[in-house]
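Below is input01.cif, holding mmCIF, C-alpha atoms.
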data_model
loop_
_atom_site.label_atom_id
_atom_site.label_comp_id
_atom_site.auth_asym_id
_atom_site.auth_seq_id
_atom_site.Cartn_x
_atom_site.Cartn_y
_atom_site.Cartn_z
CA MET A 175 16.41 12.47 8.39
CA HIS A 176 17.91 11.50 5.06
CA ALA A 177 18.87 8.16 3.54
CA ALA A 178 22.50 8.64 4.57
CA HIS A 179 21.40 8.27 8.20
CA ARG A 180 18.90 5.43 7.84
CA SER A 181 17.64 2.90 5.38
CA PRO A 182 14.61 3.64 3.18
CA HIS A 183 11.07 2.55 3.83
CA LEU A 184 9.58 0.01 1.45
CA LEU A 185 6.13 1.28 0.47
CA LEU A 186 3.70 -1.21 -1.07
CA ILE A 187 0.95 0.34 -3.18
CA GLY A 188 -1.86 -1.18 -5.22
CA LEU A 189 -5.57 -1.77 -5.42
CA ARG A 190 -7.57 -3.41 -2.66
CA GLY A 191 -7.17 -7.14 -2.93
CA SER A 192 -3.70 -6.87 -4.46
CA GLY A 193 -2.08 -8.46 -1.40
CA LYS A 194 -0.26 -5.47 0.07
CA SER A 195 -0.77 -6.36 3.74
CA THR A 196 0.12 -10.03 3.28
CA VAL A 197 3.17 -9.30 1.14
CA ALA A 198 4.32 -6.60 3.60
CA ALA A 199 4.45 -9.14 6.45
CA HIS A 200 6.44 -11.60 4.32
CA ALA A 201 8.79 -8.88 3.01
CA ALA A 202 9.49 -7.63 6.54
CA ARG A 203 10.37 -11.18 7.64
CA ILE A 204 12.72 -11.66 4.67
CA LEU A 205 14.33 -8.25 5.12
CA GLY A 206 14.57 -8.61 8.91
CA CYS A 207 12.63 -5.48 9.76
CA THR A 208 9.26 -4.29 11.03
CA HIS A 209 6.11 -3.61 9.02
CA ALA A 210 2.96 -1.54 9.35
CA ASP A 211 -0.46 -1.46 7.71
CA LEU A 212 -1.51 2.12 6.98
CA ASP A 213 -5.23 1.22 6.99
CA ASP A 214 -4.87 0.15 10.63
CA ARG A 215 -3.04 3.34 11.55
CA THR A 216 -5.60 5.51 9.74
CA ALA A 217 -8.50 3.79 11.50
CA ALA A 218 -6.79 4.25 14.87
CA LEU A 219 -6.33 7.98 14.23
CA LEU A 220 -10.07 8.23 13.71
CA GLY A 221 -10.86 6.15 16.80
CA CYS A 222 -12.13 3.16 14.83
CA ARG A 223 -11.29 -0.55 14.78
CA ALA A 224 -11.06 -0.88 10.98
CA ALA A 225 -10.53 1.31 7.92
CA GLY A 226 -13.99 0.51 6.52
CA GLU A 227 -15.63 1.62 9.76
CA ALA A 228 -13.57 4.82 9.77
CA PHE A 229 -14.43 5.55 6.12
CA ARG A 230 -18.18 5.04 6.70
CA THR A 231 -18.30 6.84 10.06
CA HIS A 232 -16.22 9.90 9.20
CA GLY A 233 -16.64 10.15 5.42
CA GLU A 234 -14.06 10.01 2.67
CA ALA A 235 -12.65 13.53 3.13
CA ALA A 236 -11.86 12.99 6.83
CA PHE A 237 -10.56 9.50 6.12
CA ARG A 238 -8.16 10.75 3.39
CA LYS A 239 -6.93 13.55 5.67
CA ALA A 240 -6.22 11.01 8.43
CA GLU A 241 -4.60 8.70 5.87
CA ARG A 242 -2.16 11.44 4.85
CA GLU A 243 -1.38 12.09 8.52
CA ALA A 244 -0.83 8.36 9.14
CA LEU A 245 1.52 8.23 6.13
CA ALA A 246 3.54 11.21 7.37
CA THR A 247 3.88 9.55 10.78
CA ALA A 248 4.80 6.17 9.28
CA LEU A 249 7.50 7.77 7.14
CA SER A 250 9.06 9.27 10.25
CA ASP A 251 9.02 6.16 12.44
CA THR A 252 10.73 2.80 12.55
CA ALA A 253 8.37 0.58 10.51
CA ARG A 254 10.44 -0.15 7.43
CA VAL A 255 7.85 -1.96 5.26
CA ILE A 256 4.54 -0.12 4.96
CA ALA A 257 1.42 -1.44 3.22
CA LEU A 258 -0.42 1.66 2.06
CA GLY A 259 -4.19 1.71 1.70
CA GLY A 260 -5.40 1.39 -1.88
CA GLY A 261 -6.42 5.05 -1.93
CA THR A 262 -3.49 6.46 0.03
CA PRO A 263 -1.73 7.91 -3.05
CA THR A 264 -4.97 9.76 -3.90
CA ALA A 265 -5.24 11.43 -0.47
CA PRO A 266 -4.55 15.18 -0.65
CA GLY A 267 -0.82 15.68 -0.07
CA ALA A 268 0.06 11.97 0.09
CA ARG A 269 1.62 11.82 -3.35
CA ASP A 270 3.84 14.77 -2.42
CA LEU A 271 4.97 12.94 0.74
CA ILE A 272 5.76 9.81 -1.27
CA ASP A 273 7.60 11.74 -3.99
CA ALA A 274 9.63 13.71 -1.42
CA ALA A 275 10.62 10.53 0.42
CA ARG A 276 11.68 8.90 -2.86
CA ARG A 277 13.69 11.96 -3.94
CA VAL A 278 15.84 11.93 -0.78
CA GLY A 279 16.18 8.16 -0.73
CA ASP A 280 13.86 7.60 2.23
CA ALA A 281 11.40 5.38 0.29
CA VAL A 282 11.31 2.70 -2.36
CA VAL A 283 7.84 2.20 -3.85
CA VAL A 284 6.58 -1.15 -5.13
CA PHE A 285 3.29 -1.41 -7.03
CA LEU A 286 1.55 -4.79 -6.62
CA ASP A 287 -0.46 -5.20 -9.83
CA PRO A 288 -2.10 -8.61 -10.14
CA PRO A 289 -4.76 -9.15 -12.83
CA ILE A 290 -8.23 -7.74 -12.19
CA ASP A 291 -9.77 -11.22 -12.13
CA ALA A 292 -7.36 -12.34 -9.39
CA MET A 293 -8.24 -9.33 -7.22
CA ALA A 294 -11.96 -9.79 -7.93
CA ALA A 295 -11.71 -13.42 -6.84
CA ARG A 296 -9.99 -12.44 -3.59
CA LEU A 297 -12.58 -9.76 -2.89
CA SER A 298 -15.45 -12.11 -3.76
CA ALA A 299 -14.09 -14.65 -1.29
CA ASP A 300 -13.51 -12.04 1.43
CA ALA A 301 -14.48 -8.41 0.89
CA GLY A 302 -13.82 -7.76 4.55
CA ASP A 303 -14.97 -4.40 5.83
CA ARG A 304 -14.07 -2.54 2.65
CA PRO A 305 -16.53 0.20 1.69
CA SER A 306 -17.70 0.71 -1.89
CA LEU A 307 -16.02 3.71 -3.49
CA THR A 308 -18.55 4.13 -6.31
CA GLY A 309 -21.75 2.73 -4.82
CA ARG A 310 -21.58 -0.30 -7.14
CA GLY A 311 -20.07 -2.77 -4.68
CA VAL A 312 -16.46 -3.68 -3.96
CA VAL A 313 -16.14 -6.37 -6.66
CA ALA A 314 -18.30 -4.65 -9.29
CA GLU A 315 -16.31 -1.42 -9.12
CA ILE A 316 -12.81 -2.92 -9.33
CA GLU A 317 -12.26 -2.24 -13.05
CA GLU A 318 -13.40 1.38 -12.69
CA VAL A 319 -11.20 1.97 -9.65
CA ALA A 320 -8.27 0.25 -11.40
CA ALA A 321 -8.64 2.46 -14.48
CA ALA A 322 -8.58 5.56 -12.28
CA ARG A 323 -5.68 4.54 -10.01
CA ARG A 324 -3.27 2.42 -12.02
CA PRO A 325 -1.69 5.39 -13.87
CA LEU A 326 -0.87 7.07 -10.54
CA TYR A 327 0.49 3.86 -9.04
CA THR A 328 2.68 3.33 -12.11
CA GLN A 329 4.05 6.88 -11.90
CA LEU A 330 4.97 6.44 -8.24
CA ALA A 331 6.49 2.96 -8.55
CA ASP A 332 10.17 2.15 -8.54
CA PHE A 333 9.23 -1.47 -9.22
CA VAL A 334 6.04 -3.14 -10.45
CA VAL A 335 5.12 -6.69 -9.51
CA ALA A 336 2.66 -7.77 -12.19
CA GLY A 337 1.40 -11.05 -13.48
CA ASP A 338 -0.81 -13.94 -12.65
CA ALA A 339 -1.17 -14.17 -8.90
CA SER A 340 -2.01 -17.86 -9.15
CA THR A 341 1.57 -18.69 -10.14
CA ARG A 342 3.19 -16.98 -7.14
CA ASP A 343 2.18 -16.78 -3.52
CA ALA A 344 2.79 -13.83 -1.20
CA ALA A 345 6.10 -15.23 0.06
CA GLN A 346 7.41 -15.57 -3.50
CA ILE A 347 6.32 -12.03 -4.34
CA ALA A 348 8.01 -10.75 -1.17
CA ALA A 349 11.21 -12.60 -2.15
CA GLU A 350 11.05 -10.94 -5.60
CA ILE A 351 10.69 -7.53 -3.93
CA ALA A 352 13.57 -8.25 -1.54
CA ALA A 353 15.76 -9.22 -4.52
CA PHE A 354 14.87 -5.91 -6.20
CA VAL A 355 15.76 -4.00 -3.03
CA ASP A 356 19.09 -5.85 -2.84
CA ARG A 357 19.85 -5.15 -6.54
CA ARG A 358 19.23 -1.46 -5.90
CA GLY A 359 21.74 -1.56 -3.05
CA HIS A 360 19.17 -0.53 -0.43
CA ARG A 361 18.95 -1.92 3.05
CA VAL A 362 15.42 -1.70 4.38
#

Show me the file's structure as structure tokens.
Amino acid sequence: MHAAHRSPHLLLIGLRGSGKSTVAAHAARILGCTHADLDDRTAALLGCRAAGEAFRTHGEAAFRKAEREALATALSDTARVIALGGGTPTAPGARDLIDAARRVGDAVVVFLDPPIDAMAARLSADAGDRPSLTGRGVVAEIEEVAAARRPLYTQLADFVVAGDASTRDAAQIAAEIAAFVDRRGHRV
């Protein structure tokens, strides 16, 4: 289905600890629509309770394959705001799905890009069930993962929310995103 028949999805991308899940819930409330967390959907596809468990149990290749499948499903259903996993754009075929959805007006992509130190502080306070991607630990690897992923996130983004996370909370960031969506003339 094309944008002429329905409003676009709002896809939130960014590194782990960037606030995607929290901002997605606020943005959905502001925009009056539903939201989904792709990590939860990916874990469910693999029969696990959490993304970290799914990643460790099934391995990265199986996790990324399930992540792409979860993205394809999310893009075809009713959840209008979708918090992607940090690695979703790197999953084989996921970038193509995102690009295709953007081309036909079915998706608007927002890159949440707080400073490394802000994300490191969040992850230090609560790393959750996130697996290490490099073997160095979730906080220790953040600069390396950021260097590898930020160029892709920037290429995919229609809008980048950058800056010091300490000056804005998730609700303020969601309001900024909603204002961008309104300026673009989209209804999510």

Residues in the PyMOL selection byres ((chain A and resi 223-231) around 10), expressed as a list in words
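Expected selection for the PyMOL selection byres ((chain A and resi 223-231) around 10) here is Leu212, Asp213, Asp214, Arg215, Thr216, Ala217, Ala218, Leu219, Leu220, Gly221, Cys222, His232, Gly233, Glu234, Ala235, Ala236, Phe237, Arg238, Ala240, Glu241, Gly259, Gly302, Asp303, Arg304, Pro305, Ser306 and Leu307 of chain A.
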
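Distances here use only C-alpha atoms; by that measure, the residue among A:Ala349, A:Ala336, A:Ala321, A:Leu184 closest to Ala248 of chain A is A:Leu184.
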
Using the chain letters and numbers from the file, give me the residues hit by the PyMOL selection byres ((chain A and resi 311-320) around 12), as a PyMOL selection string.
chain A and resi 188-192+226+260-261+264+287-310+321-328

Determine the nearest neighbour of Ser181 of chain A from the options A:Ala246, A:Val255, A:Val197, A:Ala274, counting only C-alpha atoms.
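The shortest atom-to-atom distance to Ser181 of chain A comes from A:Val255.
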
May I ask which of the residues A:Leu245, A:Ala352, A:Leu330, A:Ile256 is the closest one to Arg277 of chain A, counting all atoms listed in the file?
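Closest residue, counting all atoms listed in the file: A:Leu330.
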
For the file shown, what are the residues hit by the PyMOL selection byres ((chain A and resi 345) around 10), laid out as a list in words?
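When the PyMOL selection byres ((chain A and resi 345) around 10) is applied, the selected residues are Thr196, Val197, Ala198, Ala199, His200, Ala201, Arg203, Ile204, Arg342, Asp343, Ala344, Gln346, Ile347, Ala348, Ala349, Glu350 and Ile351 of chain A.
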
Distance atom CA of Val355 of chain A-atom CA of Pro266 of chain A, one decimal place?
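We find that atom CA of Val355 of chain A and atom CA of Pro266 of chain A lie 28.0 Å from each other.
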